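This is coords.txt (compact mmCIF, C-alpha atoms and all ligand atoms).
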# COMPACT_ATOMS: atom_id res chain seq x y z
CA MET F 494 21.81 10.18 6.02
CA SER F 495 22.54 13.49 4.37
CA ALA F 496 20.68 16.15 2.45
CA THR F 497 21.89 14.50 -0.77
CA VAL F 498 19.61 11.50 -0.19
CA GLN F 499 17.73 11.02 -3.43
CA ASN F 500 16.56 7.50 -3.94
CA VAL F 501 13.67 7.18 -1.53
CA ASP F 502 11.14 4.35 -1.76
CA LEU F 503 8.40 4.47 0.86
CA HIS F 504 5.89 1.91 -0.39
CA CYS F 505 6.25 -1.86 -0.84
CA HIS F 506 4.88 -5.19 0.38
CA SER F 507 6.48 -8.33 1.84
CA THR F 508 5.26 -11.84 2.66
CA VAL F 509 3.78 -10.28 5.80
CA SER F 510 0.94 -9.07 3.54
CA ASP F 511 0.62 -9.81 -0.19
CA GLY F 512 4.22 -9.56 -1.41
CA VAL F 513 6.37 -12.57 -2.32
CA LEU F 514 9.71 -11.56 -0.74
CA THR F 515 10.46 -11.46 3.00
CA PRO F 516 11.20 -8.07 4.61
CA SER F 517 14.95 -8.83 4.63
CA GLU F 518 14.91 -9.94 0.97
CA ILE F 519 13.25 -6.63 0.03
CA ALA F 520 15.80 -4.69 2.10
CA ALA F 521 18.61 -6.41 0.15
CA ARG F 522 16.88 -5.69 -3.17
CA ALA F 523 16.33 -2.03 -2.19
CA LYS F 524 20.02 -1.70 -1.26
CA ALA F 525 21.13 -3.36 -4.52
CA ASN F 526 18.89 -0.96 -6.48
CA GLY F 527 20.48 2.07 -4.82
CA VAL F 528 17.75 3.03 -2.35
CA ASP F 529 18.92 5.45 0.38
CA LEU F 530 15.76 5.58 2.48
CA TRP F 531 13.22 2.80 2.62
CA ALA F 532 9.89 1.93 4.27
CA LEU F 533 8.09 -1.42 4.18
CA THR F 534 4.32 -0.75 4.07
CA ASP F 535 2.48 -4.05 4.47
CA HIS F 536 -1.32 -3.97 4.37
CA ASP F 537 -2.88 -3.41 7.80
CA GLU F 538 0.05 -5.09 9.53
CA VAL F 539 3.25 -3.96 11.28
CA SER F 540 4.68 -7.35 12.31
CA GLY F 541 7.31 -7.22 9.53
CA ILE F 542 8.89 -4.09 11.01
CA PRO F 543 11.47 -5.69 13.38
CA GLN F 544 12.92 -7.83 10.56
CA ALA F 545 12.83 -4.89 8.12
CA ARG F 546 14.59 -2.56 10.55
CA ALA F 547 17.27 -5.12 11.48
CA ALA F 548 17.96 -5.93 7.82
CA ALA F 549 18.19 -2.23 6.94
CA GLN F 550 20.59 -1.66 9.83
CA ASP F 551 22.83 -4.53 8.71
CA LEU F 552 22.92 -3.15 5.16
CA GLY F 553 23.43 0.51 6.14
CA LEU F 554 20.12 1.34 4.48
CA GLY F 555 18.10 4.32 5.76
CA TYR F 556 14.80 3.12 7.21
CA VAL F 557 11.50 4.47 8.55
CA THR F 558 8.51 2.46 9.74
CA GLY F 559 5.53 2.07 7.42
CA VAL F 560 2.08 0.53 6.97
CA GLU F 561 -0.73 0.77 4.37
CA ILE F 562 -4.21 0.95 5.90
CA SER F 563 -7.38 0.04 3.97
CA VAL F 564 -10.12 2.64 4.36
CA THR F 565 -13.71 2.79 3.12
CA TRP F 566 -14.63 6.32 2.06
CA ALA F 567 -17.89 7.11 0.24
CA GLY F 568 -18.27 3.41 -0.56
CA LYS F 569 -14.81 3.15 -2.16
CA THR F 570 -11.68 1.45 -0.87
CA ILE F 571 -8.84 3.92 -0.40
CA HIS F 572 -5.34 3.23 0.92
CA ILE F 573 -3.64 5.44 3.49
CA VAL F 574 0.07 4.94 4.08
CA GLY F 575 1.44 5.69 7.54
CA LEU F 576 5.14 6.56 7.86
CA ASN F 577 7.69 7.14 10.60
CA PHE F 578 5.50 6.13 13.55
CA ASP F 579 6.03 4.15 16.75
CA GLU F 580 4.95 0.61 15.86
CA LYS F 581 4.48 -0.26 19.53
CA ASN F 582 1.67 2.29 19.92
CA GLN F 583 -1.31 0.39 21.31
CA GLY F 584 -3.99 2.44 19.53
CA LEU F 585 -2.37 1.67 16.17
CA ILE F 586 -1.89 -2.03 16.98
CA ASP F 587 -5.54 -2.41 18.08
CA GLY F 588 -6.85 -0.47 15.08
CA LEU F 589 -4.90 -2.62 12.62
CA ALA F 590 -6.07 -5.83 14.34
CA LYS F 591 -9.66 -4.64 13.98
CA THR F 592 -9.09 -3.82 10.30
CA ARG F 593 -7.57 -7.26 9.58
CA SER F 594 -10.30 -9.20 11.31
CA GLY F 595 -12.74 -9.04 8.36
CA ARG F 596 -10.35 -10.53 5.79
CA GLU F 597 -11.07 -14.23 6.23
CA ARG F 598 -14.85 -13.70 6.09
CA ARG F 599 -14.48 -11.59 2.94
CA ALA F 600 -12.24 -14.23 1.32
CA GLN F 601 -14.82 -16.94 1.93
CA ASP F 602 -17.51 -14.72 0.41
CA MET F 603 -15.24 -14.04 -2.57
CA ALA F 604 -14.70 -17.79 -3.11
CA ALA F 605 -18.47 -18.44 -2.96
CA ASP F 606 -19.04 -15.64 -5.48
CA LEU F 607 -16.35 -17.01 -7.82
CA LEU F 608 -17.95 -20.45 -7.65
CA ASN F 609 -21.52 -19.22 -8.14
CA LYS F 610 -20.87 -16.69 -10.89
CA ALA F 611 -17.79 -18.04 -12.67
CA GLY F 612 -17.88 -21.76 -11.83
CA LEU F 613 -14.43 -21.68 -10.24
CA PRO F 614 -14.24 -24.14 -7.31
CA ASN F 615 -12.01 -24.13 -4.22
CA THR F 616 -10.49 -20.70 -4.75
CA TYR F 617 -10.41 -20.01 -0.99
CA HIS F 618 -8.03 -22.90 -0.36
CA GLY F 619 -6.14 -22.10 -3.55
CA ALA F 620 -5.59 -18.49 -2.46
CA LEU F 621 -4.70 -19.60 1.07
CA LYS F 622 -1.75 -21.60 -0.30
CA TYR F 623 -0.14 -18.28 -1.21
CA VAL F 624 -0.51 -16.65 2.20
CA GLY F 625 -0.70 -19.25 4.97
CA ASN F 626 -2.42 -16.92 7.44
CA PRO F 627 -6.18 -16.41 6.76
CA ASP F 628 -6.01 -13.04 8.59
CA LEU F 629 -3.84 -11.69 5.79
CA ILE F 630 -5.63 -13.23 2.79
CA SER F 631 -6.22 -10.67 0.03
CA ARG F 632 -7.35 -10.28 -3.55
CA SER F 633 -3.73 -10.59 -4.74
CA HIS F 634 -3.59 -14.13 -3.35
CA PHE F 635 -6.77 -15.03 -5.25
CA ALA F 636 -5.23 -13.45 -8.35
CA ARG F 637 -2.09 -15.61 -8.09
CA TYR F 638 -4.21 -18.74 -7.74
CA LEU F 639 -6.37 -17.77 -10.75
CA VAL F 640 -3.16 -17.42 -12.79
CA GLU F 641 -1.89 -20.78 -11.48
CA ILE F 642 -5.01 -22.65 -12.65
CA GLY F 643 -4.97 -20.90 -16.02
CA ALA F 644 -8.19 -18.92 -15.46
CA CYS F 645 -6.23 -15.71 -16.08
CA ALA F 646 -3.06 -14.84 -17.96
CA SER F 647 -1.65 -12.52 -15.30
CA VAL F 648 -2.34 -11.00 -11.89
CA SER F 649 -3.57 -7.76 -13.46
CA ASP F 650 -5.81 -9.79 -15.80
CA ALA F 651 -7.28 -11.55 -12.73
CA PHE F 652 -8.10 -8.21 -11.11
CA ARG F 653 -9.65 -6.92 -14.34
CA HIS F 654 -11.88 -9.95 -14.96
CA PHE F 655 -12.70 -11.18 -11.48
CA LEU F 656 -11.66 -9.10 -8.52
CA THR F 657 -12.78 -5.52 -9.10
CA GLU F 658 -16.15 -3.91 -8.58
CA GLY F 659 -18.94 -5.45 -10.66
CA LYS F 660 -16.98 -8.65 -11.46
CA PRO F 661 -17.55 -12.16 -10.04
CA GLY F 662 -15.29 -12.50 -7.01
CA TYR F 663 -15.65 -8.88 -5.92
CA VAL F 664 -17.17 -8.60 -2.46
CA PRO F 665 -17.64 -5.14 -0.99
CA HIS F 666 -16.01 -4.84 2.37
CA ARG F 667 -16.18 -2.23 5.10
CA TRP F 668 -12.65 -1.21 6.14
CA ALA F 669 -11.55 1.47 8.63
CA THR F 670 -12.92 5.01 8.33
CA LEU F 671 -10.61 7.74 7.07
CA GLN F 672 -10.80 9.39 10.47
CA GLU F 673 -9.76 6.17 12.24
CA ALA F 674 -6.82 5.44 9.94
CA VAL F 675 -5.40 8.98 10.06
CA GLY F 676 -6.05 9.07 13.82
CA TRP F 677 -4.17 5.77 14.47
CA ILE F 678 -1.18 6.96 12.43
CA ARG F 679 -1.04 10.41 14.02
CA GLY F 680 -1.65 8.94 17.49
CA ALA F 681 1.49 6.84 16.98
CA GLY F 682 3.48 9.96 16.02
CA GLY F 683 3.46 9.23 12.29
CA VAL F 684 2.62 10.99 9.05
CA ALA F 685 -0.48 10.02 7.03
CA VAL F 686 -0.08 9.85 3.24
CA VAL F 687 -2.71 9.13 0.57
CA ALA F 688 -1.44 6.13 -1.41
CA HIS F 689 -1.59 6.26 -5.24
CA PRO F 690 -4.43 8.85 -5.44
CA GLY F 691 -4.70 8.33 -9.21
CA ARG F 692 -5.99 4.80 -8.77
CA TYR F 693 -9.36 5.57 -7.20
CA ASP F 694 -12.59 5.66 -9.11
CA LEU F 695 -13.67 9.08 -7.81
CA THR F 696 -15.05 12.06 -9.73
CA PRO F 697 -12.96 15.26 -9.54
CA LEU F 698 -15.58 16.65 -7.14
CA ALA F 699 -15.40 13.59 -4.87
CA LEU F 700 -11.60 13.60 -4.98
CA ASP F 701 -11.64 17.26 -3.90
CA ALA F 702 -13.97 16.44 -0.98
CA PHE F 703 -11.70 13.53 -0.05
CA PHE F 704 -8.50 15.62 -0.05
CA LEU F 705 -10.17 18.38 2.00
CA GLU F 706 -11.38 15.86 4.59
CA PHE F 707 -7.97 14.15 4.69
CA LYS F 708 -6.28 17.51 5.26
CA ALA F 709 -8.79 18.55 7.93
CA LEU F 710 -8.05 15.29 9.79
CA GLY F 711 -4.34 16.10 9.81
CA GLY F 712 -3.22 14.20 6.69
CA LEU F 713 0.03 15.73 5.45
CA ALA F 714 1.08 14.15 2.16
CA ILE F 715 0.07 12.31 -1.02
CA GLU F 716 2.04 9.93 -3.22
CA THR F 717 2.86 11.65 -6.48
CA VAL F 718 5.53 9.39 -8.00
CA THR F 719 4.40 5.77 -7.55
CA GLY F 720 4.50 2.53 -9.51
CA SER F 721 0.68 2.74 -9.52
CA HIS F 722 0.67 6.04 -11.47
CA SER F 723 1.23 6.69 -15.15
CA LEU F 724 3.90 9.25 -16.06
CA ASP F 725 1.33 11.99 -16.74
CA GLN F 726 -0.16 11.34 -13.30
CA TYR F 727 3.22 12.22 -11.70
CA GLU F 728 2.71 15.78 -12.96
CA LYS F 729 -1.01 15.87 -12.31
CA PHE F 730 -0.73 14.84 -8.65
CA THR F 731 2.33 17.01 -8.06
CA LYS F 732 0.19 20.00 -9.07
CA ILE F 733 -2.64 18.76 -6.88
CA ALA F 734 -0.26 18.36 -3.92
CA TYR F 735 0.90 21.93 -4.47
CA GLN F 736 -2.67 23.26 -4.65
CA TYR F 737 -3.75 21.57 -1.42
CA GLY F 738 -0.48 22.24 0.41
CA PHE F 739 0.43 18.56 0.78
CA LEU F 740 3.95 17.15 0.93
CA ALA F 741 4.86 14.60 -1.76
CA SER F 742 5.82 10.94 -1.29
CA ARG F 743 7.45 8.43 -3.61
CA GLY F 744 7.14 4.64 -3.62
CA SER F 745 7.17 1.75 -6.07
CA ASP F 746 4.33 -0.28 -4.48
CA PHE F 747 6.59 -3.27 -5.22
CA HIS F 748 4.99 -6.68 -4.54
CA SER F 749 7.00 -9.25 -6.49
CA PRO F 750 9.79 -9.42 -9.08
CA GLN F 751 7.35 -11.11 -11.53
CA ASP F 752 4.45 -8.64 -11.34
CA ALA F 753 6.29 -5.39 -10.68
CA GLU F 754 5.20 -2.38 -12.73
CA VAL F 755 8.24 -0.64 -11.27
CA ASP F 756 11.02 -2.35 -9.30
CA ILE F 757 11.87 -1.06 -5.84
CA GLY F 758 14.02 2.09 -6.04
CA CYS F 759 13.52 2.44 -9.82
CA LEU F 760 11.21 5.46 -10.00
CA SER F 761 11.57 8.95 -11.46
CA ALA F 762 12.70 11.70 -9.10
CA LEU F 763 10.01 13.78 -7.42
CA PRO F 764 9.17 16.93 -9.38
CA GLN F 765 10.65 19.98 -7.61
CA LEU F 766 7.37 21.86 -7.12
CA VAL F 767 6.47 20.17 -3.83
CA ARG F 768 8.56 19.40 -0.72
CA PRO F 769 9.23 15.68 -0.12
CA VAL F 770 7.55 14.14 2.92
CA TRP F 771 10.95 12.83 4.11
CA ASP F 772 12.63 16.29 4.19
CA ALA F 773 11.99 16.67 7.89
CA TRP F 774 13.52 13.24 8.68
CA ILE F 775 16.83 13.89 6.99
CA PRO F 776 19.21 16.18 8.86
CA ALA F 777 20.71 18.82 6.56
ZN ZN J 1 -2.43 0.40 -2.19
ZN ZN J 2 0.59 -0.97 -1.62

Show this structure as structure tokens.
Amino acid sequence: MSATVQNVDLHCHSTVSDGVLTPSEIAARAKANGVDLWALTDHDEVSGIPQARAAAQDLGLGYVTGVEISVTWAGKTIHIVGLNFDEKNQGLIDGLAKTRSGRERRAQDMAADLLNKAGLPNTYHGALKYVGNPDLISRSHFARYLVEIGACASVSDAFRHFLTEGKPGYVPHRWATLQEAVGWIRGAGGVAVVAHPGRYDLTPLALDAFFLEFKALGGLAIETVTGSHSLDQYEKFTKIAYQYGFLASRGSDFHSPQDAEVDIGCLSALPQLVRPVWDAWIPA
């Protein structure tokens, strides 16, 4: 890698969580789209890392380890991305296992809620068809099933009508604390990054409290350019990163070729104002 590395994509999902491509298929797609440095960030799970790393090596694609941890903060679900850590670290492995353990229970509660409030039967088994492993079942799998049976026109439509707060099918769930997630990542030698900060339903005051707490815990960066942000949010969160002294990260949040807002490696460059989180990993 050299200092001229530009196309960095540090956020995407494979079949190991709620994506539809395997880690090696995503590596090939990233390479074809011109990515120089890549991280796979499956939800609460690092078991895709060996395949991702091997595929990246075969392709001559720059690679760092990644994960996206679900956190409950002030009653809201927030995602923290961990990057460039040792995936064999026991504290991280145990923490992620604990975080995953509530998924099956939540999915069964979601299916009961969908049946009771929307009259949609058997959505648990329908969603399970898309994932195989109940430990990894997520709202995206329910969304795909709701599209399959014609209850919704698209995955985003399914989230809007059924799977977000206040809608039938939404079941509040207690994930890791912010302190735990940042602690697991840092304990494994990694960097903690706030994923798509523009996506959370927090008041400016609450967002300020969140960023200050994240920083105090040792969080170093926030995503500024992400497939989950609108173009004006690229600027907004770049300024916020600058104000709080965070590094900036960039990632498509790619899940599938069909539903992608932004394909892997196809994002705007980071605005110059803030140092990229990967600067320290790339020898000059
Ligand atoms: Zn996320
Ligand atoms: Zn994600």

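With all atoms listed in the file as the atoms that count, the minimum distance from Lys581 in chain F to the choices F:Ala532, F:Ala646, F:Val513, F:Ile542 is reached by F:Ile542.
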
Checklist entry - How many Å separate CA of Val539 in chain F from CA of Ser631 in chain F? => result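 One can read the CA of Val539 in chain F to CA of Ser631 in chain F distance as 16.2 Å.
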
Checklist entry - Between F:Ala525, F:Ala681, F:Val687, F:Cys505, which has the minimum distance to ligand ZN 2 (chain J) (counting all atoms listed in the file)? => result F:Cys505

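The protein and nucleic acid residues lying at most 10 Å from Pro543 in chain F are F:Pro516, F:Ser517, F:Ala549, F:Thr558, F:Glu580, with only C-alpha atoms considered and sequence neighbours fewer than 6 positions away removed.
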
Next on the checklist: Using all atoms listed in the file, can you tell me which of F:Glu518, F:Glu673, F:Asp746, F:Asp752 comes closest to ligand ZN 1 (chain J)?
Outcome noted: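 With all atoms listed in the file as the atom set, the closest residue is F:Asp746.
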
Checklist entry - Hey, can you check how far CA of Ile519 in chain F sits from CA of Ala644 in chain F? => result 29.2 Å

Next on the checklist: If the limit is 8 Å from any atom of ligand ZN 1 (chain J), counting all atoms listed in the file, which residues qualify? Return them as a PyMOL selection string.
Outcome noted: chain F and resi 536+561+563+571-573+688-689+746

Next on the checklist: Could you list the protein, DNA and RNA residues that have any atom within 12 Å of ligand ZN 2 (chain J), counting all atoms listed in the file, and write them as a count of residues only?
Outcome noted: 46

Next on the checklist: My list of candidates is F:Phe739, F:Trp677, F:Trp668, F:Tyr693. Which is closest to Gly595 in chain F when distances are computed with all atoms listed in the file?
Outcome noted: F:Trp668

Item to check | Phe635 in chain F environment, 12 Å, only C-alpha atoms, sequence neighbours closer than 3 positions dropped, as a count of residues only | outcome: 41

Item to check | Residue nearest Gln550 in chain F - candidates F:Glu706, F:Asp529, F:Asp694, F:Asp701, atoms counted: all atoms listed in the file | outcome: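 Selected residue with least distance to Gln550 in chain F: F:Asp529.
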
Residues of range 638-736 of chain F at most 12 Å from range 760-772 of chain F: nearest atom pair and distance in Å, only C-alpha atoms, as a Markdown table:
| residue | atom | partner | partner_atom | distance |
| --- | --- | --- | --- | --- |
| F:Gly683 | CA | F:Val770 | CA | 11.3 |
| F:Val684 | CA | F:Val770 | CA | 8.5 |
| F:Ala685 | CA | F:Val770 | CA | 9.9 |
| F:Val686 | CA | F:Val770 | CA | 8.8 |
| F:Val687 | CA | F:Val770 | CA | 11.7 |
| F:Gly712 | CA | F:Val770 | CA | 11.4 |
| F:Leu713 | CA | F:Val770 | CA | 8.1 |
| F:Ala714 | CA | F:Val770 | CA | 6.5 |
| F:Ile715 | CA | F:Val770 | CA | 8.7 |
| F:Glu716 | CA | F:Val770 | CA | 9.3 |
| F:Thr717 | CA | F:Leu763 | CA | 7.5 |
| F:Val718 | CA | F:Leu763 | CA | 6.3 |
| F:Thr719 | CA | F:Leu760 | CA | 7.2 |
| F:Gly720 | CA | F:Leu760 | CA | 7.3 |
| F:Ser721 | CA | F:Leu760 | CA | 10.9 |
| F:His722 | CA | F:Leu760 | CA | 10.7 |
| F:Ser723 | CA | F:Ser761 | CA | 11.2 |
| F:Leu724 | CA | F:Ser761 | CA | 8.9 |
| F:Asp725 | CA | F:Pro764 | CA | 11.8 |
| F:Gln726 | CA | F:Pro764 | CA | 11.6 |
| F:Tyr727 | CA | F:Pro764 | CA | 7.9 |
| F:Glu728 | CA | F:Pro764 | CA | 7.5 |
| F:Lys729 | CA | F:Pro764 | CA | 10.6 |
| F:Phe730 | CA | F:Pro764 | CA | 10.1 |
| F:Thr731 | CA | F:Val767 | CA | 6.7 |
| F:Lys732 | CA | F:Leu766 | CA | 7.7 |
| F:Ile733 | CA | F:Val767 | CA | 9.7 |
| F:Ala734 | CA | F:Val767 | CA | 7.0 |
| F:Tyr735 | CA | F:Val767 | CA | 5.9 |
| F:Gln736 | CA | F:Val767 | CA | 9.7 |

Set up a box along x, y and z of the file covering all listed atoms of range 536-549 of chain F, add 5 Å on every one of the six sides, and write the centre and edge lengths in Å to one decimal, as lines of an AutoDock Vina configuration file.
center_x = 7.7
center_y = -5.0
center_z = 8.9
size_x = 31.1
size_y = 15.6
size_z = 19.0

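Taking CA of Ala545 in chain F and CA of Ala520 in chain F as endpoints, the distance between them is 6.7 Å.
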
Item to check | Residue with smallest distance to Lys591 in chain F - pool F:Ile757, F:Ala669, F:Val557, F:Leu514, counting all atoms listed in the file | outcome: F:Ala669

Next on the checklist: Would you pick out the contacts of Gln672 in chain F at 7 Å or less, using all atoms listed in the file, so that residues sharing its chain but fewer than 3 positions from it are not included, and give the list as a count of residues only?
Outcome noted: 3

Compile the contact shell of Asn526 in chain F as a short mmCIF file (atom, residue, chain, number, x, y, z; two decimals) with C-alpha atoms, keeping the file's coordinate frame: residues with an atom at most 9 Å away, counting all atoms listed in the file, same-chain residues fewer than 4 positions apart removed.
data_model
loop_
_atom_site.label_atom_id
_atom_site.label_comp_id
_atom_site.auth_asym_id
_atom_site.auth_seq_id
_atom_site.Cartn_x
_atom_site.Cartn_y
_atom_site.Cartn_z
CA ALA F 521 18.61 -6.41 0.15
CA ARG F 522 16.88 -5.69 -3.17
CA ASP F 756 11.02 -2.35 -9.30
CA ILE F 757 11.87 -1.06 -5.84
CA GLY F 758 14.02 2.09 -6.04
CA CYS F 759 13.52 2.44 -9.82
#

Taking the structure I provided as the source, export range 640-696 of chain F with C-alpha atoms, as a PDB file, in the first residue's frame.
ATOM      1  CA  VAL F 640     -40.823  -8.510  -0.004  1.00  0.00           C
ATOM      2  CA  GLU F 641     -40.953 -12.154  -1.154  1.00  0.00           C
ATOM      3  CA  ILE F 642     -44.575 -12.599  -0.009  1.00  0.00           C
ATOM      4  CA  GLY F 643     -45.610  -9.274  -1.525  1.00  0.00           C
ATOM      5  CA  ALA F 644     -46.351  -7.557   1.803  1.00  0.00           C
ATOM      6  CA  CYS F 645     -43.830  -4.851   0.872  1.00  0.00           C
ATOM      7  CA  ALA F 646     -42.446  -3.496  -2.388  1.00  0.00           C
ATOM      8  CA  SER F 647     -38.835  -3.304  -1.227  1.00  0.00           C
ATOM      9  CA  VAL F 648     -36.539  -3.904   1.728  1.00  0.00           C
ATOM     10  CA  SER F 649     -36.585  -0.211   2.665  1.00  0.00           C
ATOM     11  CA  ASP F 650     -40.396  -0.244   2.408  1.00  0.00           C
ATOM     12  CA  ALA F 651     -40.459  -3.217   4.821  1.00  0.00           C
ATOM     13  CA  PHE F 652     -38.348  -1.306   7.343  1.00  0.00           C
ATOM     14  CA  ARG F 653     -40.560   1.771   6.984  1.00  0.00           C
ATOM     15  CA  HIS F 654     -43.875  -0.051   7.448  1.00  0.00           C
ATOM     16  CA  PHE F 655     -43.015  -2.904   9.763  1.00  0.00           C
ATOM     17  CA  LEU F 656     -39.584  -3.027  11.310  1.00  0.00           C
ATOM     18  CA  THR F 657     -38.825   0.366  12.835  1.00  0.00           C
ATOM     19  CA  GLU F 658     -39.864   1.830  16.153  1.00  0.00           C
ATOM     20  CA  GLY F 659     -43.625   2.118  16.605  1.00  0.00           C
ATOM     21  CA  LYS F 660     -44.458  -0.293  13.741  1.00  0.00           C
ATOM     22  CA  PRO F 661     -45.771  -3.881  14.002  1.00  0.00           C
ATOM     23  CA  GLY F 662     -42.750  -6.162  13.977  1.00  0.00           C
ATOM     24  CA  TYR F 663     -40.514  -3.793  15.921  1.00  0.00           C
ATOM     25  CA  VAL F 664     -39.344  -5.317  19.191  1.00  0.00           C
ATOM     26  CA  PRO F 665     -37.038  -3.267  21.393  1.00  0.00           C
ATOM     27  CA  HIS F 666     -33.904  -5.142  22.219  1.00  0.00           C
ATOM     28  CA  ARG F 667     -31.112  -4.536  24.690  1.00  0.00           C
ATOM     29  CA  TRP F 668     -27.737  -4.764  22.918  1.00  0.00           C
ATOM     30  CA  ALA F 669     -24.238  -4.136  24.320  1.00  0.00           C
ATOM     31  CA  THR F 670     -23.497  -0.908  26.186  1.00  0.00           C
ATOM     32  CA  LEU F 671     -21.358   1.721  24.476  1.00  0.00           C
ATOM     33  CA  GLN F 672     -18.683   1.164  27.091  1.00  0.00           C
ATOM     34  CA  GLU F 673     -18.626  -2.593  26.419  1.00  0.00           C
ATOM     35  CA  ALA F 674     -18.439  -2.274  22.638  1.00  0.00           C
ATOM     36  CA  VAL F 675     -15.679   0.346  22.641  1.00  0.00           C
ATOM     37  CA  GLY F 676     -13.868  -1.621  25.370  1.00  0.00           C
ATOM     38  CA  TRP F 677     -13.959  -4.922  23.388  1.00  0.00           C
ATOM     39  CA  ILE F 678     -12.628  -3.199  20.258  1.00  0.00           C
ATOM     40  CA  ARG F 679      -9.870  -1.311  22.072  1.00  0.00           C
ATOM     41  CA  GLY F 680      -8.994  -4.378  24.152  1.00  0.00           C
ATOM     42  CA  ALA F 681      -8.344  -6.224  20.878  1.00  0.00           C
ATOM     43  CA  GLY F 682      -6.047  -3.403  19.702  1.00  0.00           C
ATOM     44  CA  GLY F 683      -8.590  -1.882  17.309  1.00  0.00           C
ATOM     45  CA  VAL F 684     -10.110   1.495  16.551  1.00  0.00           C
ATOM     46  CA  ALA F 685     -13.758   2.255  17.431  1.00  0.00           C
ATOM     47  CA  VAL F 686     -15.779   4.209  14.846  1.00  0.00           C
ATOM     48  CA  VAL F 687     -19.366   5.486  15.069  1.00  0.00           C
ATOM     49  CA  ALA F 688     -21.219   3.989  12.086  1.00  0.00           C
ATOM     50  CA  HIS F 689     -23.465   6.287   9.984  1.00  0.00           C
ATOM     51  CA  PRO F 690     -24.083   8.885  12.761  1.00  0.00           C
ATOM     52  CA  GLY F 691     -26.704  10.629  10.603  1.00  0.00           C
ATOM     53  CA  ARG F 692     -29.058   7.674  10.833  1.00  0.00           C
ATOM     54  CA  TYR F 693     -29.919   7.858  14.529  1.00  0.00           C
ATOM     55  CA  ASP F 694     -33.040   9.448  15.870  1.00  0.00           C
ATOM     56  CA  LEU F 695     -31.247  11.637  18.432  1.00  0.00           C
ATOM     57  CA  THR F 696     -31.738  15.331  19.194  1.00  0.00           C
TER      58      THR F 696
END
